[in-house]
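Data first, discussion second: the structure below is written as structure tokens.
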Amino acid sequence: MVELVKEFASGIYNLLLGMVTTSKHLTRHAITIQYPKERWDIPARSRGMVVLLTDHETGKLNCTSCLLCEKACPSGAIDIEVFKDENKKRHLQGFVVDFHKCCLCGLCEESCNFAAIKMATTYEYPEWDKAKLIYDKDMLAKAGYDVPYEKPVRKKKASPPSKKAASPPAEIKANTAPTSESAPEPAPTPEPNAETTPANSPEAASPSPAPESKEEAKPIDTSETDKSAPTETDNSEDKN
Amino acid sequence: MNPAELTAYITSNFSGQLETVENDQAEPYFIVPLSDLVPFSKFIHDDPQLELNYLMNMAGVDTGEQFEVVLNPCSLVNMQRLFFKVVLDRGDPKFDTVSNLWAAANWYEREIWELYGFEITGHPNLKRFLLPDDWDDGFPLRKGWVGKNVIPLPEK
Amino acid sequence: MGIISKLPVFTENLPGGGLVTTSLNQILTMTQAKSLWYLLFGTACCAIELMATGASRYDFDRLGMIFRASPRQSDLMIVAGTVTYKMAPIVKRLYDQMAEPRYVLAMGGCAIGGGPFYYDSYSVLRGIDKIIPVDVYVPGCPPRPEALLQGCLEVGKKLRTQKLEDWSGPKNESR
Amino acid sequence: MELYPIFGWLDGLLEKVGITGPTADLITLVALAAMVFGLLSLIALFLVWWERKISAHIQQRFGPMMAGWHGVLQTVADAVKLIQKEDIVPTLADRKVFFWAPVICFVSAFAAYIVIPFGEGLIVSDLNIGILYIIAITTFTVISLLMAGWGSNNKYALIGGMRSAAQAVSYEIPLVLSILGVVMVAGSMSMVDIVESQSGWGGFRWNIFFQPLGFVIYLIAATAEANRTPFDLPEAEQELVAGFNIEYSGMKFAMFFLAEFVNMFTVSAIATTVFLGGWNGPFLPSWIWFLGKTLAIVFLLMVFRWSFPRLRVDQLMEFAWKVLLPLAFLNILYVGVFAKWLNW
Amino acid sequence: MTQDLHTEKMVINMGPHHPSTHGVCRLILTLDGENVVECEPVIGYLHRSIEKICENRTYAQCIPLMDRFEYVTSMSCNWVFALATEKLTDLEIPERAEYLRVIMTELNRIASHLLCIGVTGLDLGALTPFLYTFRERELILDLFEMTCGQRLTYNYIRIGGVSQDIPDEFIPKCREFLDIFDEKVDDYEKVLTENPIWMARNKGIGVISKQQVYDFAISGPSARASGVDFDIRRDDPYSVYDRFDYTIPVFEGGDSYDRYRARVQEMRESAKIIGQALDQLPGGDIRAKVRAMFKPKAGEVYSRIENSRGEMGIYLLSDGGKKPVRVRARGASYNHLLIIPEIIKGLKIADLVAIFASLDVILPEIDR
């Protein structure tokens with residue numbers, strides 16, 4: 001009997017405790033973000049969309065059509081069309097990212113050695129029409145026009161006007177040895193670069209964490225490259 | 001018992017033929033003849049020294065050359081692990097059920113039956129459960145299988 | 001359709017009926033947009049984000065969206081996640097069971113076009129638009145809750161472009 | 001029929017126009033019914049919004065924000081939208097039963113308001129069996145739920161309907177018994193008499209102070225009657241998808257939905273009338289007291305809903321028959337003894 | 001006369017679209033009134049053929065797919081696959097990476113348990129705890145997004161390490177979270193644990209005996225609630241788990257209530273582990289040197305880790321090429337769903353919901 005009463009009393013007490021706990025929250029402030037009006041600070045690393053980056057100096061895409069991202073993509077969402085001219089130079093003809101298939105894993109960004117493809121934080125791109133979710137080169141470039149990025153350290157700025165100068169170093173080829181057929185042909189000989197060689201060793205050229213630390217890399221970038229780099233970072237900061 | 005002792009214990013105490021495979025994993029590895037699957041399972045399940053009473057995993061394998069069934073029992077009493085497999089006849093893949101020893105094997109075997117098409121004698125409930133009921137497109141996990149609905153990843 | 005759909009036919013014949021119809025149309029579509037009850041239906045990863053969107057931080061209720069477990073009472077079907085061939089007939093049936101006007105939002109890559117399972121998969125339906133009409137596609141894998149909210153607002157926008165007269169509910173027999 | 005000020009005013013108006021006699025009575029009645037209906041619809045709309053707001057704030061979110069100021073028009077939008085929705089009748093449903101279920105539910109929910117005194121003199125009809133009438137009429141809801149469950153030809157709906165019938169039958173008894181204690185004290189079944197028996201003491205001679213046990217029993221049983229968590233088994237979303245209303249869409253669903261909230265208001269209003277002294281209270285106008293008390297009970301029911309898990313169906317029955325019923329009898333015994341002794 | 005009175009048995013399809021089947025599972029129930037006479041699960045509505053797809057992907061590409069193998073604890077999925085390949089390769093994992101893996105996986109374990117407890121509440125009709133648990137879950141997801149850019153499918157733990165180092169603000173934010181977390185768990189417990197309705201709904205429901213744990217290969221909190229003291233983190237150690245001081249909660253009842261309590265306890269323990277890991281977090285590399293086209297040695301391995309539901313394992317067969325020959329993913333829910341027909345007999349539908357929720361059955365793990 002005593003047990004029963006005790007149990008009953010503790011039951012009532014705990015029911016009340018639950019009600020008090022919930023009622024207490026009535027007075028607390030809501031944690032809701034009122035989405036269209038307020039926006040959440042999206043972390044810089046957030047992966048929302050694949051974009052192509054543009055070099056603001058030259059107005060051209062950073063992409064060298066090395067096809068690494070296409071190979072890295074686990075869902076086959078990237079489709080690159082390359083046109084080889086008579087000098088066996090590679091020109092980017094088409095670049096399609098199919099957001100029907102893209103799983104936003106970020107492997108394409110990691111595989112890229114030229115800061116050409118990036119996961120932007122954009123997340124609002126719903127469409128009424130399914131076909132519009134297949135982004136072609138221009139759309140991707142437009143989406144990525146304002147996206148800040150830092151050039152990979154290894155990139156030599158010797159000849160800024162020509163993007164082809166910074167063609168893939170030979171190490172990349174070694175990297176993708178099994179399918180070297182499609183590996184890019186370095187048109188001009190890559191300039192040997194003292195500080196970049198370690199970073200370019202076959203092992204580290206794979207998705208390497210080093211260029212990921214976005215904010216820190218910027219100053220290094222500007223200090224190591226010559227006159228062209230500061231303007232570029234300025235550019236990208238202006239846009240933001 | 002460490003893996004070496006365990007291997008020794010099992011080979012000395014089990015009457016059938018066992019093939020021990022050397023590998024650098026921390027667990028003994030056996031290839032059991034197909035006919036000895038159930039006796040061996042029974043032995044390791046019931047032996048008081050082993051008591052491998054917990055079937056972690058059971059998988060059908062098609063290596064391209066041969067069909068195998070891999071079993072990974074483990075003991076929750078003395079925390080030992082074992083890795084053993086049987087090689088099936090490629091022409092007539094068939095093995096006896098172990099689901100009366102480890103109840104967990106029930107679904108593992110059902111899945112193997114469904115996705116690999118290995119025949120399992122004595123299984124209590126062989127019914128399709130992963131694929132659609134009206135599936136008539138073969139056994140998808142076999143190597144070289146090409147299904148009607150599959151679009152292969154373009155070679156890049 | 002309820003009785004309301006017959007109203008425009010009636011008002012059109014009145015003097016100044018065009019104006020009445022237009023404003024009526026506006027009011028009715030606005031109420032629809034403000035009260036999109038969604039079907040609690042998730043299959044895969046996106047379902048977790050769908051739940052997160054319903055939770056405190058993003059709060060579907062703010063937009064007037066509450067979940068209904070029964071398709072009869074829901075206006076918006078958020079297909080959250082992968083749809084397999086085994087699941088496809090059920091998705092179709094759920095859509096058929098919904099009452100007009102009904103809208104479909106495809107959430108995430110898998111629902112839009114198969115996502116990472118497009119290639120090499122023997123069991124994934126490549127896009128739910130093969131079985132049901134889709135109004136808005138929200139890409140992402142899974143989309144952020146904000147993206148989903150944006151998609152729902154987009155559904156609201158889309159349905160406001162519709163005319164009352166257009167809503168002649170298909171008489172589907174398989175209900 | 002006692003004519004309250006509002007009746008008099010209407011009658012006067014009609015006399016001026018030149019309508020007298022039975023026609024005038026009829027018009028008055030219809031007008032009154034429309035008023036009650038309008039008021040209740042307003043209240044129901046408000047309650048839906050309020051519930052959503054309270055649940056939201058308990059859960060640290062905002063609730064409806066987009067329709068009107070802080071979403072006050074949300075329920076209106078919902079209602080208008082529901083009217084637009086297609087009205088589906090499942091092919092294999094029992095059409096007549098399917099059609100009448102929401103109507104009966106809706107009507108019975110509203111019919112109870114004939115005898116509820118919203119304030120001093122604000123009652124449609126002061127029946128001398130008022131409380132009995134309410135109990136009888138609210139029970140119709142159960143029939144409608146059972147009809148909905150049967151008529152839908154859906155197994156989940158059927159289970160929901162059966163559950164609701166079993167539940168209502170079980171909880172009706174403690175509910176009536178707890179009210180009986182008050183009736184014994186008041187010596188009348190008329191709602192006005194019950195309220196008036198609690199006047200005095202500066203407006204604080206409420207039954208809850210004399211019969212706290214009765215009040216608790218009533219509250220629990222009323223929660224069950226109104227199908228609210230922790231007793232919302234008929235439409236247990238997680239077990240039965242949506243319970244009895246699983247096949248209903250559009251306006252019919254709106255009827256069920258509104259009736260649910262009207263029912264909640266009804267049980268709270270009865271609790272106010274019977275236990276909290278109705279319109280009695282100092283200083284403020286009577287209807288404010290009544291509404292305030294009722295909304296307080298509604299608030300309590302809402303906090304219940306958002307705090308507690310749901311009982312299982314057999315536990316629900318056990319609780320009704322093994323706990324509530326003996327307690328209700330105990331309460332009657334106590335009231336009988338003390339009423340005689342203290343001569344309340 | 002009374003012999004003639006009998007009720008008709010009703011066959012009811014619970015799912016695939018049902019709010020409390022946690023995904024797309026269909027249970028064919030034979031009911032006698034409200035009592036479940038028979039229950040037959042039908043799965044496969046989410047069978048996405050991940051195993052087949054993995055056979056056509058490189059090892060690095062398998063990891064995003066593994067995210068989707070069990071999306072509630074994607075970190076564990078990433079890890080168990082990485083662990084399997086590492087076992088075949090003899091990679092030396094940097095210590096910092098190991099610690100980061102532990103931190104992330106334990107955070108993910110908390111997130112998963114929060115989901116489970118919230119959903120259990122939801123299934124039993126208590127809606128508010130669900131919202132509370134999701135509130136805290138969002139904080140964890142913030143940490144994840146800050147680190148690896150995604151909220152649910154992380155692709156963070158890679159072969160040989162982790163993909164990115166944590167940002168600077170991670171550690172203070174994580175500590176902030178850990179500081180408030182205990183108090184928040186108290187909140188849920190106030191609403192649920194001792195609540196008489198909660199106890200009535202969960203106590204003595206779905207009792208799994210010790211023998212059944214062995215037979216059906218039940219693992220994780222569900223096994224520990226049945227008195228089997230088994231935790232892979234301790235009994236089959238991997239990574240740096242031996243460096244932390246934590247207890248493994250074991251309960252004897254084996255019912256839904258104990259499973260719930262085990263999870264609550266485990267969340268607190270996980271929080272402890274994260275605290276210690278943050279204290280001990282060493283500097284250094286976060287990733288071993290791995291070739292872009294990673295090729296493990298030929299061989300086969302079964303590796304397993306403890307995720308929030310129990311044992312998660314990967315059987316991996318490699319022929320030394322760049323693609324795996326066979327990947328079999330084993331999830332704990334597979335066995336947990338298998339046991340439901342055994343323990344549900346004679347109980348009510350409402351109990352089925354409680355058991356389903358308390359075993360934390362998640363369908364992708366079963367269907368893959």
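Letters A, B, ... mark the chains of the structure tokens in the order given; residue numbers begin at 1 per chain; ligand numbers begin at 1, in order shown.
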Please, which residues in chain E fall within 7 Å of chain A when counting only C-alpha atoms, and what is the closest atom pair and distance in Å to one decimal for each, ordered by chain then residue number, as a tab-separated table?
```
residue	atom	partner	partner_atom	distance
E:Arg57	CA	A:Pro74	CA	6.9
E:Gln61	CA	A:Pro74	CA	4.9
E:Pro64	CA	A:Cys105	CA	6.1
E:Glu145	CA	A:Ser46	CA	6.1
E:Met146	CA	A:Pro43	CA	5.4
E:Cys148	CA	A:Arg45	CA	6.5
E:Gly149	CA	A:Ser46	CA	3.6
E:Gln150	CA	A:Ser46	CA	5.9
E:Asn155	CA	A:Cys105	CA	6.2
E:Ser163	CA	A:Pro209	CA	6.1
E:Gln164	CA	A:Pro209	CA	5.2
E:Asp187	CA	A:Thr21	CA	6.9
E:Lys190	CA	A:Gly18	CA	5.6
E:Val191	CA	A:Gly18	CA	4.2
E:Glu194	CA	A:Asn14	CA	6.0
E:Asn195	CA	A:Asn14	CA	5.3
E:Pro196	CA	A:Gly11	CA	5.2
E:Lys289	CA	A:Glu203	CA	5.4
E:Val290	CA	A:Glu203	CA	5.4
E:Arg291	CA	A:Glu203	CA	4.6
E:Ala292	CA	A:Ser206	CA	4.4
E:Met293	CA	A:Thr176	CA	6.9
```
Dump as an mmCIF file with N, CA, C and O atoms, in the first residue's frame the residues of chain E that approach chain B to within 8 Å, counting only C-alpha atoms.
```cif
data_model
loop_
_atom_site.group_PDB
_atom_site.id
_atom_site.type_symbol
_atom_site.label_atom_id
_atom_site.label_comp_id
_atom_site.auth_asym_id
_atom_site.auth_seq_id
_atom_site.Cartn_x
_atom_site.Cartn_y
_atom_site.Cartn_z
ATOM 1 N N VAL E 42 8.755 -6.446 -44.502
ATOM 2 C CA VAL E 42 9.155 -6.477 -45.903
ATOM 3 C C VAL E 42 10.046 -5.267 -46.111
ATOM 4 O O VAL E 42 9.638 -4.144 -45.834
ATOM 5 N N ILE E 43 11.249 -5.522 -46.537
ATOM 6 C CA ILE E 43 12.178 -4.405 -46.693
ATOM 7 C C ILE E 43 12.491 -4.248 -48.168
ATOM 8 O O ILE E 43 11.854 -4.843 -49.012
ATOM 9 N N GLY E 44 13.444 -3.415 -48.447
ATOM 10 C CA GLY E 44 13.888 -3.281 -49.829
ATOM 11 C C GLY E 44 13.317 -2.077 -50.534
ATOM 12 O O GLY E 44 13.605 -1.849 -51.697
ATOM 13 N N TYR E 45 12.496 -1.291 -49.850
ATOM 14 C CA TYR E 45 11.945 -0.110 -50.500
ATOM 15 C C TYR E 45 12.999 0.980 -50.658
ATOM 16 O O TYR E 45 12.764 1.971 -51.313
ATOM 17 N N HIS E 47 16.287 -0.066 -51.270
ATOM 18 C CA HIS E 47 17.462 -0.808 -51.720
ATOM 19 C C HIS E 47 18.055 -0.093 -52.923
ATOM 20 O O HIS E 47 17.548 -0.187 -54.024
ATOM 21 N N LYS E 52 26.585 -2.756 -55.108
ATOM 22 C CA LYS E 52 26.923 -2.940 -56.521
ATOM 23 C C LYS E 52 27.633 -1.706 -57.066
ATOM 24 O O LYS E 52 28.596 -1.815 -57.826
ATOM 25 N N ASN E 56 31.988 -0.518 -58.749
ATOM 26 C CA ASN E 56 32.391 0.213 -59.942
ATOM 27 C C ASN E 56 32.973 1.585 -59.618
ATOM 28 O O ASN E 56 32.999 2.449 -60.477
ATOM 29 N N LYS E 87 43.120 -1.253 -42.968
ATOM 30 C CA LYS E 87 43.579 -2.546 -42.473
ATOM 31 C C LYS E 87 44.270 -3.330 -43.568
ATOM 32 O O LYS E 87 45.181 -4.099 -43.299
ATOM 33 N N TYR E 214 22.561 -12.965 -28.420
ATOM 34 C CA TYR E 214 23.590 -13.753 -29.094
ATOM 35 C C TYR E 214 23.072 -14.271 -30.424
ATOM 36 O O TYR E 214 23.721 -14.148 -31.455
ATOM 37 N N ASP E 215 21.892 -14.866 -30.384
ATOM 38 C CA ASP E 215 21.387 -15.535 -31.572
ATOM 39 C C ASP E 215 21.159 -14.563 -32.720
ATOM 40 O O ASP E 215 21.501 -14.841 -33.856
ATOM 41 N N PHE E 216 20.537 -13.447 -32.382
ATOM 42 C CA PHE E 216 20.155 -12.528 -33.444
ATOM 43 C C PHE E 216 21.212 -11.472 -33.709
ATOM 44 O O PHE E 216 20.993 -10.568 -34.491
ATOM 45 N N ALA E 217 22.347 -11.594 -33.031
ATOM 46 C CA ALA E 217 23.441 -10.643 -33.227
ATOM 47 C C ALA E 217 22.987 -9.206 -32.994
ATOM 48 O O ALA E 217 23.227 -8.316 -33.800
ATOM 49 N N VAL E 228 24.099 -7.539 -21.799
ATOM 50 C CA VAL E 228 25.308 -8.037 -22.447
ATOM 51 C C VAL E 228 26.316 -6.897 -22.484
ATOM 52 O O VAL E 228 26.087 -5.886 -23.120
ATOM 53 N N PHE E 230 28.932 -5.475 -23.903
ATOM 54 C CA PHE E 230 29.703 -5.641 -25.128
ATOM 55 C C PHE E 230 29.726 -4.320 -25.861
ATOM 56 O O PHE E 230 28.702 -3.744 -26.186
ATOM 57 N N ASP E 235 35.994 -3.745 -26.577
ATOM 58 C CA ASP E 235 36.292 -5.169 -26.678
ATOM 59 C C ASP E 235 37.016 -5.554 -27.952
ATOM 60 O O ASP E 235 37.594 -6.631 -28.036
ATOM 61 N N ASP E 236 36.925 -4.714 -28.959
ATOM 62 C CA ASP E 236 37.647 -5.000 -30.192
ATOM 63 C C ASP E 236 38.247 -3.674 -30.623
ATOM 64 O O ASP E 236 37.830 -3.069 -31.589
ATOM 65 N N VAL E 301 38.939 -8.394 -45.696
ATOM 66 C CA VAL E 301 38.926 -7.967 -44.308
ATOM 67 C C VAL E 301 37.493 -7.671 -43.898
ATOM 68 O O VAL E 301 36.671 -7.268 -44.711
ATOM 69 N N TYR E 302 37.212 -7.968 -42.652
ATOM 70 C CA TYR E 302 35.963 -7.496 -42.088
ATOM 71 C C TYR E 302 36.318 -6.558 -40.952
ATOM 72 O O TYR E 302 36.950 -6.963 -39.984
ATOM 73 N N GLY E 313 29.711 -2.820 -39.778
ATOM 74 C CA GLY E 313 30.885 -3.487 -40.330
ATOM 75 C C GLY E 313 30.938 -3.381 -41.828
ATOM 76 O O GLY E 313 29.939 -3.151 -42.500
ATOM 77 N N TYR E 315 32.629 -5.620 -44.936
ATOM 78 C CA TYR E 315 33.449 -6.698 -45.465
ATOM 79 C C TYR E 315 33.976 -6.220 -46.806
ATOM 80 O O TYR E 315 33.201 -5.798 -47.664
ATOM 81 N N VAL E 325 36.453 -5.368 -55.082
ATOM 82 C CA VAL E 325 35.759 -6.462 -55.755
ATOM 83 C C VAL E 325 34.397 -6.688 -55.108
ATOM 84 O O VAL E 325 33.408 -6.923 -55.775
ATOM 85 N N ARG E 326 34.393 -6.618 -53.797
ATOM 86 C CA ARG E 326 33.128 -6.830 -53.101
ATOM 87 C C ARG E 326 33.119 -5.981 -51.844
ATOM 88 O O ARG E 326 34.092 -5.981 -51.091
ATOM 89 N N ARG E 328 30.584 -5.455 -48.631
ATOM 90 C CA ARG E 328 29.308 -5.715 -47.988
ATOM 91 C C ARG E 328 29.228 -4.887 -46.727
ATOM 92 O O ARG E 328 30.098 -4.956 -45.873
ATOM 93 N N ARG E 330 27.384 -3.979 -43.318
ATOM 94 C CA ARG E 330 26.530 -4.620 -42.325
ATOM 95 C C ARG E 330 26.104 -3.551 -41.335
ATOM 96 O O ARG E 330 26.929 -2.857 -40.753
ATOM 97 N N ASN E 335 19.788 -6.648 -37.987
ATOM 98 C CA ASN E 335 19.440 -7.671 -37.021
ATOM 99 C C ASN E 335 18.341 -7.213 -36.089
ATOM 100 O O ASN E 335 17.554 -8.016 -35.604
ATOM 101 N N LEU E 338 15.151 -7.849 -37.644
ATOM 102 C CA LEU E 338 14.905 -9.289 -37.701
ATOM 103 C C LEU E 338 14.279 -9.811 -36.420
ATOM 104 O O LEU E 338 13.476 -10.743 -36.439
ATOM 105 N N ASP E 367 18.452 -1.798 -46.048
ATOM 106 C CA ASP E 367 18.270 -1.972 -47.479
ATOM 107 C C ASP E 367 19.536 -1.705 -48.275
ATOM 108 O O ASP E 367 19.766 -2.328 -49.297
#
```
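Separating atom CA of Tyr71 of chain E from atom CA of Leu363 of chain E is a distance of 10.0 Å.
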Legend entry - Contact residues around Leu92 of chain A with only C-alpha atoms at 10 Å, ignoring same-chain residues under 3 positions, as number ranges by chain: A: 61, 63-66, 80-84, 89, 95, 137
May I have the selected residues written with all heavy atoms, as a CSV table (one decimal), in the first residue's frame?
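Once written, part_1.csv looks like this:
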```csv
chain,number,residue,atom,x,y,z
A,61,LEU,N,38.0,31.6,-67.4
A,61,LEU,CA,37.9,30.5,-66.4
A,61,LEU,C,39.3,30.0,-66.0
A,61,LEU,O,40.2,29.9,-66.9
A,61,LEU,CB,37.0,29.4,-66.9
A,61,LEU,CG,35.5,29.8,-67.1
A,61,LEU,CD1,34.8,28.6,-67.7
A,61,LEU,CD2,34.9,30.2,-65.8
A,63,CYS,N,39.8,27.0,-65.4
A,63,CYS,CA,39.9,25.6,-65.8
A,63,CYS,C,40.8,25.4,-66.9
A,63,CYS,O,40.9,26.1,-67.9
A,63,CYS,CB,38.5,25.2,-66.2
A,63,CYS,SG,38.5,23.4,-66.6
A,64,THR,N,41.6,24.3,-66.7
A,64,THR,CA,42.6,24.0,-67.8
A,64,THR,C,42.1,22.7,-68.5
A,64,THR,O,42.9,22.1,-69.2
A,64,THR,CB,44.0,23.7,-67.1
A,64,THR,OG1,43.8,22.8,-66.1
A,64,THR,CG2,44.5,25.0,-66.6
A,65,SER,N,40.9,22.3,-68.2
A,65,SER,CA,40.4,21.1,-68.8
A,65,SER,C,41.3,19.9,-68.6
A,65,SER,O,41.6,19.2,-69.6
A,65,SER,CB,39.9,21.3,-70.2
A,65,SER,OG,40.9,22.0,-71.0
A,66,CYS,N,41.7,19.7,-67.4
A,66,CYS,CA,42.6,18.5,-67.2
A,66,CYS,C,41.8,17.3,-66.9
A,66,CYS,O,42.3,16.2,-66.8
A,66,CYS,CB,43.5,18.8,-66.0
A,66,CYS,SG,42.7,19.0,-64.5
A,80,ILE,N,32.8,17.1,-69.2
A,80,ILE,CA,33.7,18.2,-69.8
A,80,ILE,C,33.9,17.9,-71.3
A,80,ILE,O,34.2,16.7,-71.6
A,80,ILE,CB,35.0,18.3,-69.0
A,80,ILE,CG1,34.8,18.5,-67.6
A,80,ILE,CG2,35.9,19.4,-69.6
A,80,ILE,CD1,36.0,18.5,-66.7
A,81,GLU,N,33.8,18.9,-72.0
A,81,GLU,CA,34.1,18.7,-73.5
A,81,GLU,C,35.4,19.5,-73.8
A,81,GLU,O,35.5,20.7,-73.4
A,81,GLU,CB,32.9,19.3,-74.3
A,81,GLU,CG,32.6,18.5,-75.5
A,81,GLU,CD,31.4,19.2,-76.1
A,81,GLU,OE1,30.3,19.2,-75.5
A,81,GLU,OE2,31.6,19.8,-77.2
A,82,VAL,N,36.3,18.8,-74.3
A,82,VAL,CA,37.6,19.5,-74.6
A,82,VAL,C,37.9,19.5,-76.1
A,82,VAL,O,37.6,18.6,-76.8
A,82,VAL,CB,38.8,18.7,-73.9
A,82,VAL,CG1,40.1,19.4,-74.1
A,82,VAL,CG2,38.5,18.6,-72.4
A,83,PHE,N,38.4,20.6,-76.5
A,83,PHE,CA,38.7,20.8,-77.9
A,83,PHE,C,40.3,21.0,-78.0
A,83,PHE,O,40.9,21.8,-77.3
A,83,PHE,CB,38.0,22.0,-78.4
A,83,PHE,CG,38.6,22.6,-79.6
A,83,PHE,CD1,38.4,21.9,-80.9
A,83,PHE,CD2,39.3,23.8,-79.6
A,83,PHE,CE1,38.9,22.5,-82.0
A,83,PHE,CE2,39.8,24.3,-80.8
A,83,PHE,CZ,39.6,23.6,-82.0
A,84,LYS,N,40.9,20.1,-78.8
A,84,LYS,CA,42.4,20.2,-78.9
A,84,LYS,C,42.7,20.9,-80.2
A,84,LYS,O,42.2,20.5,-81.3
A,84,LYS,CB,43.0,18.8,-78.9
A,84,LYS,CG,43.3,18.3,-77.6
A,84,LYS,CD,44.1,17.0,-77.7
A,84,LYS,CE,44.1,16.3,-76.4
A,84,LYS,NZ,44.5,14.9,-76.6
A,89,LYS,N,47.0,22.0,-77.8
A,89,LYS,CA,46.6,22.8,-76.6
A,89,LYS,C,45.2,22.4,-76.3
A,89,LYS,O,44.4,22.2,-77.2
A,89,LYS,CB,46.7,24.3,-76.9
A,89,LYS,CG,47.7,25.0,-76.1
A,89,LYS,CD,47.6,26.5,-76.5
A,89,LYS,CE,48.8,27.3,-75.9
A,89,LYS,NZ,48.7,28.7,-76.2
A,95,PHE,N,31.4,22.6,-70.2
A,95,PHE,CA,31.6,22.1,-68.9
A,95,PHE,C,30.2,22.0,-68.3
A,95,PHE,O,29.5,23.0,-68.0
A,95,PHE,CB,32.4,23.0,-68.1
A,95,PHE,CG,33.0,22.4,-66.8
A,95,PHE,CD1,34.3,22.2,-66.7
A,95,PHE,CD2,32.2,22.1,-65.7
A,95,PHE,CE1,34.9,21.6,-65.5
A,95,PHE,CE2,32.7,21.6,-64.6
A,95,PHE,CZ,34.0,21.3,-64.5
A,137,LYS,N,28.5,25.6,-68.9
A,137,LYS,CA,29.7,26.4,-68.5
A,137,LYS,C,29.4,27.8,-68.1
A,137,LYS,O,29.9,28.3,-67.1
A,137,LYS,CB,30.7,26.4,-69.7
A,137,LYS,CG,32.1,26.8,-69.4
A,137,LYS,CD,33.0,26.7,-70.6
A,137,LYS,CE,33.0,27.9,-71.4
A,137,LYS,NZ,33.9,27.8,-72.6
```
Using only C-alpha atoms, what does the table of chain D residues within 10 Å of chain A look like, with each row giving the shortest atom pair and its distance in Å to one decimal, sorted by chain and ascending number, as JSON lines?
```
{"residue": "D:Lys53", "atom": "CA", "partner": "A:Leu26", "partner_atom": "CA", "distance": 10.0}
{"residue": "D:Ile54", "atom": "CA", "partner": "A:Leu26", "partner_atom": "CA", "distance": 7.5}
{"residue": "D:Ser55", "atom": "CA", "partner": "A:Leu26", "partner_atom": "CA", "distance": 8.6}
{"residue": "D:Ala56", "atom": "CA", "partner": "A:Ala30", "partner_atom": "CA", "distance": 8.4}
{"residue": "D:His57", "atom": "CA", "partner": "A:Leu26", "partner_atom": "CA", "distance": 5.0}
{"residue": "D:Ile58", "atom": "CA", "partner": "A:Leu26", "partner_atom": "CA", "distance": 4.5}
{"residue": "D:Gln59", "atom": "CA", "partner": "A:His25", "partner_atom": "CA", "distance": 6.8}
{"residue": "D:Gln60", "atom": "CA", "partner": "A:Ala30", "partner_atom": "CA", "distance": 4.1}
{"residue": "D:Arg61", "atom": "CA", "partner": "A:Ala30", "partner_atom": "CA", "distance": 4.5}
{"residue": "D:Phe62", "atom": "CA", "partner": "A:Ala30", "partner_atom": "CA", "distance": 6.3}
{"residue": "D:Gly63", "atom": "CA", "partner": "A:Thr32", "partner_atom": "CA", "distance": 9.4}
{"residue": "D:Met65", "atom": "CA", "partner": "A:Gln34", "partner_atom": "CA", "distance": 8.8}
{"residue": "D:Met66", "atom": "CA", "partner": "A:Gln34", "partner_atom": "CA", "distance": 10.0}
{"residue": "D:Leu300", "atom": "CA", "partner": "A:Met19", "partner_atom": "CA", "distance": 9.6}
{"residue": "D:Val303", "atom": "CA", "partner": "A:Met19", "partner_atom": "CA", "distance": 6.8}
{"residue": "D:Phe304", "atom": "CA", "partner": "A:Met19", "partner_atom": "CA", "distance": 7.0}
{"residue": "D:Arg305", "atom": "CA", "partner": "A:Met19", "partner_atom": "CA", "distance": 9.6}
{"residue": "D:Trp306", "atom": "CA", "partner": "A:Thr22", "partner_atom": "CA", "distance": 7.6}
{"residue": "D:Ser307", "atom": "CA", "partner": "A:Met19", "partner_atom": "CA", "distance": 5.6}
{"residue": "D:Phe308", "atom": "CA", "partner": "A:Gly18", "partner_atom": "CA", "distance": 7.6}
```
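The residues of chain C lying at most 9 Å from chain B, with only C-alpha atoms taken into account, are Tyr85, Lys86, Met87, Tyr118, Tyr119, Asp120, Ser121, Tyr122, Ser123 and Val124 of chain C.
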Inset, instruction - With a distance cut-off of 10 Å and only C-alpha atoms, select the neighbouring residues of segment 98-101 of chain A, excluding the residue or stretch itself and same-chain residues fewer than 5 positions from it, and output the selection as number ranges by chain. - result: A: 49-50, 74-79, 130-136; C: 108-119, 126-127, 137-141
